[in-house]
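Trainee: What follows is protein.csv, made up of CSV, C-alpha atoms and all ligand atoms:
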chain,number,residue,atom,x,y,z
X,177,MET,CA,33.2,52.0,-91.0
X,178,PRO,CA,31.7,52.1,-87.6
X,179,VAL,CA,33.2,54.8,-85.5
X,180,ARG,CA,33.3,55.2,-81.7
X,181,LEU,CA,34.6,58.1,-79.8
X,182,PRO,CA,36.4,57.8,-76.5
X,183,ASP,CA,34.9,59.3,-73.4
X,184,VAL,CA,36.8,62.4,-72.5
X,185,SER,CA,36.9,64.5,-69.4
X,186,VAL,CA,35.0,67.5,-70.8
X,187,VAL,CA,32.4,69.4,-68.8
X,188,VAL,CA,29.3,68.7,-70.8
X,189,ASN,CA,26.6,69.5,-68.2
X,190,GLN,CA,26.3,73.0,-69.3
X,191,LEU,CA,25.4,71.7,-72.8
X,192,LYS,CA,22.6,69.5,-71.5
X,193,SER,CA,20.4,72.4,-72.4
X,194,LEU,CA,20.8,71.3,-76.0
X,195,ASN,CA,18.4,68.6,-75.1
X,196,ILE,CA,18.5,66.6,-78.3
X,197,GLU,CA,15.4,64.5,-77.3
X,198,LYS,CA,12.4,63.7,-79.4
X,199,ASN,CA,10.0,65.3,-77.0
X,200,SER,CA,11.9,68.4,-76.2
X,201,THR,CA,9.9,70.9,-74.3
X,202,THR,CA,12.2,73.8,-74.8
X,203,THR,CA,10.5,75.3,-77.8
X,204,SER,CA,8.9,78.7,-77.3
X,205,SER,CA,6.7,80.2,-79.9
X,206,SER,CA,9.3,82.9,-80.5
X,207,ASN,CA,12.0,80.5,-81.6
X,208,LYS,CA,9.9,78.5,-84.1
X,209,PRO,CA,11.8,78.1,-87.3
X,210,THR,CA,10.9,80.7,-89.9
X,211,ALA,CA,10.3,79.9,-93.6
X,212,ALA,CA,13.7,81.3,-94.5
X,213,ILE,CA,15.5,78.4,-92.7
X,214,GLN,CA,13.8,75.8,-94.8
X,215,PRO,CA,16.4,74.0,-96.9
X,216,LYS,CA,14.9,75.3,-100.1
X,217,ILE,CA,15.7,79.0,-99.7
X,218,THR,CA,14.4,81.1,-102.5
X,219,LYS,CA,16.6,83.5,-104.5
X,220,LYS,CA,14.8,86.5,-103.0
X,221,GLN,CA,15.3,85.2,-99.5
X,222,SER,CA,18.9,84.3,-100.1
X,223,ASN,CA,19.7,87.8,-101.4
X,224,LYS,CA,19.2,90.0,-98.4
X,225,ASN,CA,22.4,92.0,-99.2
X,226,ILE,CA,24.3,90.6,-96.3
X,227,LYS,CA,27.8,92.0,-96.7
X,228,ALA,CA,30.7,91.1,-94.5
X,229,THR,CA,32.6,94.3,-94.8
X,230,LYS,CA,32.2,96.0,-91.4
X,231,ASN,CA,32.2,93.4,-88.7
X,232,PRO,CA,33.4,94.8,-85.4
X,233,GLU,CA,33.7,92.5,-82.3
X,234,PRO,CA,30.0,92.2,-81.6
X,235,ALA,CA,27.8,91.9,-78.6
X,236,ILE,CA,27.1,88.4,-80.0
X,237,ALA,CA,30.7,87.4,-79.0
X,238,LYS,CA,30.1,88.3,-75.4
X,239,THR,CA,27.2,85.9,-75.1
X,240,SER,CA,28.6,82.6,-76.0
X,241,THR,CA,26.1,80.1,-74.7
X,242,ALA,CA,22.4,79.7,-75.0
X,243,SER,CA,21.9,79.0,-71.3
X,244,ASN,CA,20.9,81.8,-69.0
X,245,GLN,CA,24.0,81.7,-66.9
X,246,THR,CA,27.6,80.6,-67.5
X,247,ASN,CA,29.6,78.9,-64.8
X,248,SER,CA,31.1,82.2,-63.9
X,249,GLY,CA,27.7,83.7,-63.4
X,250,GLU,CA,27.7,86.0,-66.4
X,251,ALA,CA,24.4,86.7,-68.0
X,252,THR,CA,24.1,85.4,-71.5
X,253,VAL,CA,21.6,85.7,-74.3
X,254,ASN,CA,19.0,83.2,-75.2
X,255,TRP,CA,19.4,83.4,-79.0
X,256,LYS,CA,16.5,82.5,-81.3
X,257,LEU,CA,16.1,82.3,-85.0
X,258,SER,CA,14.1,85.5,-85.2
X,259,ASP,CA,17.2,87.4,-83.9
X,260,PHE,CA,18.8,86.7,-87.3
X,261,ASP,CA,18.2,87.6,-91.0
X,262,LEU,CA,19.1,84.5,-93.0
X,263,GLY,CA,20.9,84.8,-96.3
X,264,LYS,CA,22.3,82.5,-99.0
X,265,PRO,CA,23.1,78.9,-98.2
X,266,LEU,CA,26.9,78.5,-97.7
X,267,GLY,CA,27.1,74.8,-98.1
X,268,LYS,CA,25.8,71.4,-97.0
X,269,GLY,CA,27.7,69.1,-94.6
X,270,LYS,CA,27.0,65.6,-93.5
X,271,PHE,CA,24.6,66.6,-90.8
X,272,GLY,CA,23.3,70.0,-91.7
X,273,ARG,CA,23.5,73.2,-93.8
X,274,ALA,CA,25.2,76.5,-93.2
X,275,TYR,CA,23.6,79.8,-94.1
X,276,LEU,CA,25.0,83.3,-94.2
X,277,ALA,CA,23.2,85.3,-91.5
X,278,ARG,CA,23.1,88.7,-89.8
X,279,GLU,CA,22.2,89.4,-86.2
X,280,LYS,CA,19.4,92.0,-86.5
X,281,LYS,CA,20.3,94.3,-83.6
X,282,SER,CA,24.1,94.6,-84.2
X,283,SER,CA,24.1,93.9,-88.0
X,284,PHE,CA,26.8,91.4,-87.2
X,285,VAL,CA,27.4,89.1,-90.1
X,286,CYS,CA,28.0,85.4,-89.2
X,287,ALA,CA,27.2,81.9,-90.4
X,288,ILE,CA,24.5,79.8,-88.9
X,289,LYS,CA,24.8,76.0,-89.1
X,290,VAL,CA,21.5,74.1,-88.8
X,291,MET,CA,21.2,70.5,-87.8
X,292,TYR,CA,18.2,68.3,-87.4
X,293,LYS,CA,17.8,66.7,-83.9
X,294,ASP,CA,16.3,63.5,-85.5
X,295,GLU,CA,19.4,63.1,-87.7
X,296,LEU,CA,21.8,63.7,-84.8
X,297,LYS,CA,19.9,61.1,-82.8
X,298,GLU,CA,19.7,58.6,-85.7
X,299,ASN,CA,23.4,58.8,-86.2
X,300,LYS,CA,24.2,58.8,-82.5
X,301,ILE,CA,26.3,61.9,-82.7
X,302,GLU,CA,24.6,64.0,-80.0
X,303,LYS,CA,27.5,63.4,-77.7
X,304,GLN,CA,30.0,64.3,-80.4
X,305,LEU,CA,28.1,67.5,-81.1
X,306,ARG,CA,28.1,68.4,-77.4
X,307,ARG,CA,31.9,67.9,-77.2
X,308,GLU,CA,32.4,69.9,-80.4
X,309,VAL,CA,30.4,72.8,-79.0
X,310,GLU,CA,32.0,72.6,-75.6
X,311,ILE,CA,35.5,72.7,-77.1
X,312,GLN,CA,34.9,75.2,-79.8
X,313,THR,CA,33.1,77.7,-77.6
X,314,HIS,CA,36.2,78.2,-75.5
X,315,LEU,CA,38.6,78.7,-78.4
X,316,ARG,CA,39.9,82.1,-79.4
X,317,HIS,CA,42.5,82.1,-82.2
X,318,PRO,CA,42.7,84.0,-85.5
X,319,ASN,CA,43.1,80.7,-87.4
X,320,ILE,CA,40.1,78.9,-85.7
X,321,VAL,CA,36.5,79.6,-86.6
X,322,ARG,CA,34.9,81.2,-83.6
X,323,LEU,CA,31.7,79.6,-82.2
X,324,TYR,CA,29.7,82.5,-80.8
X,325,GLY,CA,26.9,80.5,-79.4
X,326,TYR,CA,24.1,78.0,-80.1
X,327,PHE,CA,20.4,77.6,-79.7
X,328,HIS,CA,17.7,75.1,-80.5
X,329,ASP,CA,14.1,74.6,-81.2
X,330,GLU,CA,11.9,71.5,-81.3
X,331,LYS,CA,13.5,70.1,-84.4
X,332,ARG,CA,16.8,71.7,-84.9
X,333,VAL,CA,20.1,72.8,-83.3
X,334,TYR,CA,21.7,76.0,-84.6
X,335,LEU,CA,25.3,77.0,-84.2
X,336,ILE,CA,26.3,80.7,-84.6
X,337,LEU,CA,29.7,80.8,-86.3
X,338,GLU,CA,32.3,83.2,-87.5
X,339,TYR,CA,31.7,83.7,-91.3
X,340,ALA,CA,34.6,82.6,-93.5
X,341,ALA,CA,33.8,84.3,-96.8
X,342,GLN,CA,36.1,82.4,-99.2
X,343,GLY,CA,34.7,79.1,-98.1
X,344,GLU,CA,36.3,75.7,-98.3
X,345,MET,CA,40.0,75.2,-98.6
X,346,TYR,CA,39.3,71.9,-100.3
X,347,LYS,CA,37.4,73.5,-103.2
X,348,ILE,CA,40.1,76.2,-103.7
X,349,LEU,CA,42.8,73.5,-103.7
X,350,GLN,CA,40.8,71.4,-106.2
X,351,SER,CA,40.3,74.4,-108.5
X,352,LYS,CA,44.0,75.3,-108.4
X,353,GLY,CA,45.4,71.7,-108.5
X,354,GLN,CA,48.0,72.6,-105.9
X,355,PHE,CA,49.4,75.6,-104.1
X,356,THR,CA,52.7,77.3,-104.8
X,357,GLU,CA,55.4,76.7,-102.2
X,358,PRO,CA,55.0,80.2,-100.7
X,359,GLU,CA,51.2,79.8,-100.5
X,360,ALA,CA,51.5,76.3,-98.9
X,361,ALA,CA,54.2,77.5,-96.5
X,362,ASN,CA,52.0,80.4,-95.3
X,363,TYR,CA,49.0,78.1,-94.8
X,364,ILE,CA,51.2,75.5,-92.9
X,365,ALA,CA,52.5,78.3,-90.7
X,366,GLN,CA,48.9,79.4,-89.8
X,367,MET,CA,47.9,75.8,-89.2
X,368,THR,CA,50.9,75.3,-87.0
X,369,ASN,CA,50.0,78.3,-84.9
X,370,ALA,CA,46.5,77.1,-84.5
X,371,LEU,CA,47.6,73.6,-83.5
X,372,ALA,CA,50.1,75.0,-81.0
X,373,TYR,CA,47.3,77.0,-79.4
X,374,LEU,CA,45.0,73.9,-79.3
X,375,HIS,CA,47.7,71.6,-77.9
X,376,LYS,CA,48.5,74.2,-75.2
X,377,LYS,CA,44.8,74.0,-74.2
X,378,HIS,CA,45.1,70.1,-74.3
X,379,VAL,CA,42.9,69.8,-77.3
X,380,ILE,CA,43.8,67.3,-80.0
X,381,HIS,CA,42.1,68.0,-83.3
X,382,ARG,CA,42.5,64.5,-84.9
X,383,ASP,CA,40.8,65.4,-88.2
X,384,ILE,CA,43.0,67.9,-90.0
X,385,LYS,CA,42.3,67.9,-93.7
X,386,PRO,CA,41.4,70.5,-96.4
X,387,GLU,CA,37.7,69.7,-96.1
X,388,ASN,CA,37.7,71.0,-92.5
X,389,LEU,CA,39.5,74.2,-93.3
X,390,LEU,CA,37.9,77.5,-94.4
X,391,LEU,CA,39.3,80.7,-95.7
X,392,SER,CA,38.2,84.2,-94.5
X,393,ALA,CA,37.6,87.2,-96.8
X,394,ASP,CA,41.3,88.2,-96.3
X,395,GLY,CA,42.6,84.7,-97.1
X,396,LYS,CA,43.3,83.6,-93.6
X,397,LEU,CA,43.1,79.9,-92.9
X,398,LYS,CA,40.4,78.9,-90.3
X,399,ILE,CA,40.0,75.5,-88.7
X,400,ALA,CA,36.3,74.9,-88.9
X,401,ASP,CA,35.4,71.4,-87.7
X,402,PHE,CA,35.9,70.1,-84.2
X,403,GLY,CA,33.7,67.0,-84.6
X,404,TRP,CA,36.5,64.6,-83.8
X,405,SER,CA,38.5,66.7,-81.4
X,406,VAL,CA,39.1,65.6,-77.8
X,407,HIS,CA,40.7,66.8,-74.7
X,408,ALA,CA,44.1,65.1,-74.2
X,409,PRO,CA,45.3,62.7,-73.1
X,410,THR,CA,43.2,60.0,-74.7
X,411,SER,CA,44.2,56.5,-73.8
X,412,ARG,CA,41.3,54.6,-75.4
X,413,ARG,CA,42.4,52.1,-77.9
X,414,LYS,CA,40.9,51.3,-81.3
X,415,THR,CA,39.5,54.7,-81.9
X,416,LEU,CA,39.2,55.1,-85.6
X,417,CYS,CA,37.8,58.3,-86.9
X,418,GLY,CA,38.2,60.7,-89.7
X,419,THR,CA,39.3,60.0,-93.3
X,420,LEU,CA,41.8,57.2,-93.5
X,421,ASP,CA,44.2,59.3,-95.7
X,422,TYR,CA,45.1,61.6,-92.8
X,423,LEU,CA,45.3,59.0,-90.0
X,424,PRO,CA,48.7,58.3,-88.5
X,425,PRO,CA,50.1,54.7,-88.1
X,426,GLU,CA,49.2,54.6,-84.3
X,427,MET,CA,45.6,55.3,-85.1
X,428,VAL,CA,45.2,52.9,-88.0
X,429,GLU,CA,46.9,50.3,-85.8
X,430,GLY,CA,44.4,51.0,-82.9
X,431,LYS,CA,47.2,52.1,-80.5
X,432,ASP,CA,47.1,54.8,-77.9
X,433,HIS,CA,47.6,58.2,-79.4
X,434,ASN,CA,48.3,61.8,-78.3
X,435,ASN,CA,48.7,65.2,-79.8
X,436,ALA,CA,51.4,63.9,-82.1
X,437,VAL,CA,48.6,62.7,-84.4
X,438,ASP,CA,48.1,66.3,-85.4
X,439,LEU,CA,51.8,66.5,-86.4
X,440,TRP,CA,51.4,63.6,-88.7
X,441,SER,CA,48.2,65.2,-90.3
X,442,LEU,CA,50.1,68.4,-90.7
X,443,GLY,CA,52.7,66.5,-92.8
X,444,VAL,CA,49.9,64.9,-94.9
X,445,LEU,CA,48.3,68.4,-95.3
X,446,CYS,CA,51.6,69.9,-96.4
X,447,PHE,CA,52.1,67.1,-99.0
X,448,GLU,CA,48.5,67.6,-100.3
X,449,PHE,CA,48.9,71.3,-100.6
X,450,LEU,CA,52.0,70.9,-102.7
X,451,VAL,CA,51.0,67.8,-104.8
X,452,GLY,CA,47.2,68.0,-104.9
X,453,SER,CA,46.5,64.6,-103.4
X,454,PRO,CA,47.4,63.0,-100.0
X,455,PRO,CA,50.6,60.9,-99.8
X,456,PHE,CA,49.2,57.5,-98.9
X,457,GLU,CA,46.0,57.6,-101.1
X,458,ASP,CA,45.6,54.3,-102.9
X,459,LEU,CA,42.8,54.0,-105.4
X,460,SER,CA,42.5,50.3,-104.9
X,461,GLY,CA,40.9,50.9,-101.5
X,462,SER,CA,41.2,51.6,-97.8
X,463,ALA,CA,43.1,48.4,-97.0
X,464,ALA,CA,45.9,49.5,-99.4
X,465,THR,CA,45.9,53.0,-97.9
X,466,TYR,CA,46.1,51.4,-94.4
X,467,ARG,CA,49.1,49.3,-95.5
X,468,ARG,CA,50.9,52.3,-97.0
X,469,ILE,CA,50.4,54.4,-93.8
X,470,ALA,CA,51.6,51.6,-91.5
X,471,LYS,CA,54.8,51.2,-93.7
X,472,VAL,CA,55.1,55.0,-94.1
X,473,ASP,CA,55.3,54.3,-97.9
X,474,LEU,CA,56.1,58.0,-98.7
X,475,GLN,CA,57.1,59.0,-102.2
X,476,ILE,CA,57.7,62.7,-102.6
X,477,PRO,CA,57.7,63.9,-106.3
X,478,GLU,CA,60.8,65.6,-107.7
X,479,THR,CA,58.8,68.7,-108.3
X,480,ILE,CA,58.8,69.5,-104.6
X,481,SER,CA,61.7,71.5,-103.2
X,482,LYS,CA,64.3,69.8,-101.0
X,483,GLU,CA,63.3,72.0,-98.1
X,484,ALA,CA,59.6,71.2,-98.3
X,485,ALA,CA,60.4,67.5,-98.7
X,486,ASP,CA,62.6,67.7,-95.6
X,487,LEU,CA,59.7,69.2,-93.5
X,488,ILE,CA,57.2,66.6,-94.8
X,489,THR,CA,59.6,63.7,-94.1
X,490,LYS,CA,60.3,65.0,-90.5
X,491,LEU,CA,56.5,65.2,-89.8
X,492,LEU,CA,55.7,61.8,-91.3
X,493,GLN,CA,57.6,59.7,-88.9
X,494,TYR,CA,56.2,56.4,-87.8
X,495,ASN,CA,57.3,57.0,-84.2
X,496,PRO,CA,55.1,59.9,-82.8
X,497,LEU,CA,58.1,60.9,-80.5
X,498,GLU,CA,60.3,61.5,-83.6
X,499,ARG,CA,57.9,63.9,-85.4
X,500,LEU,CA,59.1,67.5,-85.6
X,501,SER,CA,57.6,69.6,-82.9
X,502,LEU,CA,55.3,72.5,-83.7
X,503,ASP,CA,58.0,75.0,-82.5
X,504,LEU,CA,60.5,73.5,-84.8
X,505,VAL,CA,58.0,73.5,-87.7
X,506,LEU,CA,57.9,77.3,-87.4
X,507,GLU,CA,61.7,77.4,-87.3
X,508,HIS,CA,62.1,75.1,-90.3
X,509,PRO,CA,64.1,76.6,-93.2
X,510,TRP,CA,61.2,76.0,-95.7
X,511,ILE,CA,58.8,78.0,-93.5
X,512,ARG,CA,61.5,80.6,-92.8
X,513,LYS,CA,62.2,81.0,-96.5
X,514,HIS,CA,58.6,81.8,-97.4
X,515,VAL,CA,57.0,83.3,-94.3
X,516,PRO,CA,58.5,86.6,-93.0
X,517,ASP,CA,57.0,86.2,-89.5
X,518,PRO,CA,55.8,82.6,-89.0
X,519,TYR,CA,54.4,83.4,-85.6
X,520,LYS,CA,52.0,85.9,-87.1
X,521,ALA,CA,51.4,84.2,-90.5
A,1,LIG,P1,29.7,71.7,-92.4
A,1,LIG,O1,28.4,71.0,-92.1
A,1,LIG,O2,30.3,72.3,-91.2
A,1,LIG,O3,30.6,70.8,-93.2
A,1,LIG,O4,29.3,72.9,-93.4
A,1,LIG,C1,28.9,72.7,-94.7
A,1,LIG,C2,29.5,73.7,-95.6
A,1,LIG,O5,29.0,75.0,-95.3
A,1,LIG,C3,31.0,73.8,-95.6
A,1,LIG,O6,31.6,72.9,-96.4
A,1,LIG,C4,31.2,75.2,-96.0
A,1,LIG,O7,31.2,75.3,-97.4
A,1,LIG,C5,30.0,76.0,-95.5
A,1,LIG,N1,30.3,76.6,-94.2
A,1,LIG,C6,30.2,76.0,-92.9
A,1,LIG,N2,30.5,76.8,-92.0
A,1,LIG,C7,30.9,78.0,-92.6
A,1,LIG,C8,31.4,79.2,-92.1
A,1,LIG,N3,31.6,79.5,-90.8
A,1,LIG,N4,31.7,80.2,-93.0
A,1,LIG,C9,31.5,80.0,-94.3
A,1,LIG,N5,31.0,78.8,-94.8
A,1,LIG,C10,30.8,77.8,-94.0
Would you give me this structure, written as structure tokens?

Mentor:
Amino acid sequence: MPVRLPDVSVVVNQLKSLNIEKNSTTTSSSNKPTAAIQPKITKKQSNKNIKATKNPEPAIAKTSTASNQTNSGEATVNWKLSDFDLGKPLGKGKFGRAYLAREKKSSFVCAIKVMYKDELKENKIEKQLRREVEIQTHLRHPNIVRLYGYFHDEKRVYLILEYAAQGEMYKILQSKGQFTEPEAANYIAQMTNALAYLHKKHVIHRDIKPENLLLSADGKLKIADFGWSVHAPTSRRKTLCGTLDYLPPEMVEGKDHNNAVDLWSLGVLCFEFLVGSPPFEDLSGSAATYRRIAKVDLQIPETISKEAADLITKLLQYNPLERLSLDLVLEHPWIRKHVPDPYKA
């Protein structure tokens, strides 16, 4: 399905230094890719004993862009690949691969995501990446993967990210089938806190789903992907993005949307955590899923507690204005029952 993102009022000039052009002149000999970054990483290369045990707030965190000066005039570091030891591959996404990495001077353990400029250009997602970087660089929340910085060379763009040691929520959910109610309630409380933070900063995520969530070494949920996020409000119509399963009625119907889209997706996520599959999934195809979303054809299995079913129903409301607010999600009896302090889940 062709997707188009709306224009948003984000300051992207600073990110022009990403320069995703074929004839980029920004490469210096010192930031040429090393052999270790090649997609086929050898076992020896991938096993550099990078451990994530001690990871104090690093110097890396104070230097969040690859340009020489931020808007506030702070000096920043020009990161390059040779500043890092690269370790095992962490996974492959649609437009790149992530590797475990360690910044050499501070021994700070992080993840580095590598994307090819040619691929970004071919798929016309340079603007989307700029927006993602711009938004994520400014976010500081325990349930949001931190983006410490970025750099690029002739062929590739590199993002320096917080390392989430337990990896993808999607895989964990798949291996377990579903989460218990206390587990799900804890994750939903963490998600709610992260969304409340985003909405306060006028950022709408728009692509909440288990594939975009990671878990840290201590089991904390981390929102990882801001590829579809925008600064609110967004009035552009007919913006279809993300997986159909998680889209709210107003988006599948091409209407204006606001941050209430994330409330809907939170309801879908809660259902999927407890059941193992999303509520409007229809194996006969996306047209059928679309119809089920537009009708809010919600069938909650008997195995789900009444309190959880109540929260899901209150989030999956056709009318965005009628969806339970994030404040009230944290006060909901199902969350209160399972999460001692939902504001610090
Ligand atoms: P992405 O291109 O962002 O979808 O990343 C591809 C895969 O790499 C993900 O599905 C994760 O398994 C892994 N990954 C990406 N970022 C991180 C991170 N910050 N920490 C740990 N694993 C990650």

Trainee: Please give me, as an MDAnalysis selection string, the residues lying within 9 Å of ligand LIG 1 (chain A) when counting all atoms listed in the file.

Mentor: chainID X and resid 265:276 286:291 321:323 336:347 387:392 398 400:401

Trainee: Could you pull the residues within 10 Å of region 466-468 of chain X, counting only C-alpha atoms, minus those fewer than 6 positions along the same chain, as a ChimeraX atom specification?

Mentor: /X:420-421,423-425,428-429,455-458,474

Trainee: Applying 12 Å and only C-alpha atoms, which residues near Tyr494 (chain X) remain after dropping the ones on its own chain fewer than 3 positions away? List them as an MDAnalysis selection string.

Mentor: chainID X and resid 423:429 436:437 439:440 443 468:474 489:491 497:500

Trainee: Put those residues in a file: C-alpha atoms, as a PDB file, keeping the file's coordinate frame.

Mentor:
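Output saved as again_28.pdb:
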ATOM      1  CA  LEU X 423      45.300  59.000 -90.000  1.00  0.00           C
ATOM      2  CA  PRO X 424      48.700  58.300 -88.500  1.00  0.00           C
ATOM      3  CA  PRO X 425      50.100  54.700 -88.100  1.00  0.00           C
ATOM      4  CA  GLU X 426      49.200  54.600 -84.300  1.00  0.00           C
ATOM      5  CA  MET X 427      45.600  55.300 -85.100  1.00  0.00           C
ATOM      6  CA  VAL X 428      45.200  52.900 -88.000  1.00  0.00           C
ATOM      7  CA  GLU X 429      46.900  50.300 -85.800  1.00  0.00           C
ATOM      8  CA  ALA X 436      51.400  63.900 -82.100  1.00  0.00           C
ATOM      9  CA  VAL X 437      48.600  62.700 -84.400  1.00  0.00           C
ATOM     10  CA  LEU X 439      51.800  66.500 -86.400  1.00  0.00           C
ATOM     11  CA  TRP X 440      51.400  63.600 -88.700  1.00  0.00           C
ATOM     12  CA  GLY X 443      52.700  66.500 -92.800  1.00  0.00           C
ATOM     13  CA  ARG X 468      50.900  52.300 -97.000  1.00  0.00           C
ATOM     14  CA  ILE X 469      50.400  54.400 -93.800  1.00  0.00           C
ATOM     15  CA  ALA X 470      51.600  51.600 -91.500  1.00  0.00           C
ATOM     16  CA  LYS X 471      54.800  51.200 -93.700  1.00  0.00           C
ATOM     17  CA  VAL X 472      55.100  55.000 -94.100  1.00  0.00           C
ATOM     18  CA  ASP X 473      55.300  54.300 -97.900  1.00  0.00           C
ATOM     19  CA  LEU X 474      56.100  58.000 -98.700  1.00  0.00           C
ATOM     20  CA  THR X 489      59.600  63.700 -94.100  1.00  0.00           C
ATOM     21  CA  LYS X 490      60.300  65.000 -90.500  1.00  0.00           C
ATOM     22  CA  LEU X 491      56.500  65.200 -89.800  1.00  0.00           C
ATOM     23  CA  LEU X 497      58.100  60.900 -80.500  1.00  0.00           C
ATOM     24  CA  GLU X 498      60.300  61.500 -83.600  1.00  0.00           C
ATOM     25  CA  ARG X 499      57.900  63.900 -85.400  1.00  0.00           C
ATOM     26  CA  LEU X 500      59.100  67.500 -85.600  1.00  0.00           C
TER      27      LEU X 500
END

Trainee: For Asp486 (chain X), which of X:Cys446, X:Val333, X:Val309, X:Ile320 is the closest residue, counting all atoms listed in the file?

Mentor: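 Nearest candidate to Asp486 (chain X) out of X:Cys446, X:Val333, X:Val309, X:Ile320: X:Cys446.
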
Trainee: To one decimal in Å, tell me the separation between CA of Ala463 (chain X) and CA of Gly430 (chain X).

Mentor: 14.4 Å

Trainee: Counting only C-alpha atoms, which residue out of X:Tyr519, X:Glu357, X:Ala370, X:Ala277 sits closest to Ile480 (chain X)?

Mentor: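 Of X:Tyr519, X:Glu357, X:Ala370, X:Ala277, the one nearest Ile480 (chain X) is X:Glu357, counting only C-alpha atoms.
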
Trainee: Kindly indicate which residue among X:Trp510, X:Phe355, X:Phe284, X:Tyr324 lies nearest to Phe449 (chain X), using all atoms listed in the file for the distances.

Mentor: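 Answer, going by the shortest atom-to-atom distance: X:Phe355.
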
Trainee: For Lys377 (chain X), please output as a VMD selection string all residues within 10 Å (counting only C-alpha atoms; exclusion window: fewer than 6 positions along the same chain).

Mentor: chain X and resid 311 314 to 315 371 407 to 408

Trainee: Please return as a PyMOL selection string every residue within 10 Å of (51.8, 78.1, -87.0), taking into account only C-alpha atoms and the file's own coordinates.

Mentor: chain X and resi 319+361-373+502-503+505-507+511+517-521

Trainee: Using only C-alpha atoms, find the one residue out of X:Ala360, X:Ala464, X:Leu262, X:Lys331 that sits nearest to His514 (chain X).

Mentor: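 Once distances to His514 (chain X) are computed over only C-alpha atoms, the minimum belongs to X:Ala360.
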
Trainee: Between CA of Thr465 (chain X) and CA of Phe447 (chain X), what distance in Å does the model show, to one decimal?

Mentor: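 One can read the CA of Thr465 (chain X) to CA of Phe447 (chain X) distance as 15.4 Å.
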
Trainee: So how many Å separate CA of His433 (chain X) and CA of Arg512 (chain X), to one decimal?

Mentor: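 So the two atoms, CA of His433 (chain X) and CA of Arg512 (chain X), lie 29.6 Å apart.
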
Trainee: Between X:Pro386, X:Gly395, X:Pro318, X:Gly325, which has the minimum distance to Pro454 (chain X) (counting only C-alpha atoms)?

Mentor: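 With only C-alpha atoms as the atom set, the closest residue is X:Pro386.
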
Trainee: Of the residues X:Val515, X:Val406, X:Leu397, X:Leu305, which is the one nearest to Lys293 (chain X), using all atoms listed in the file?

Mentor: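 For Lys293 (chain X), the nearest of the given residues is X:Leu305.
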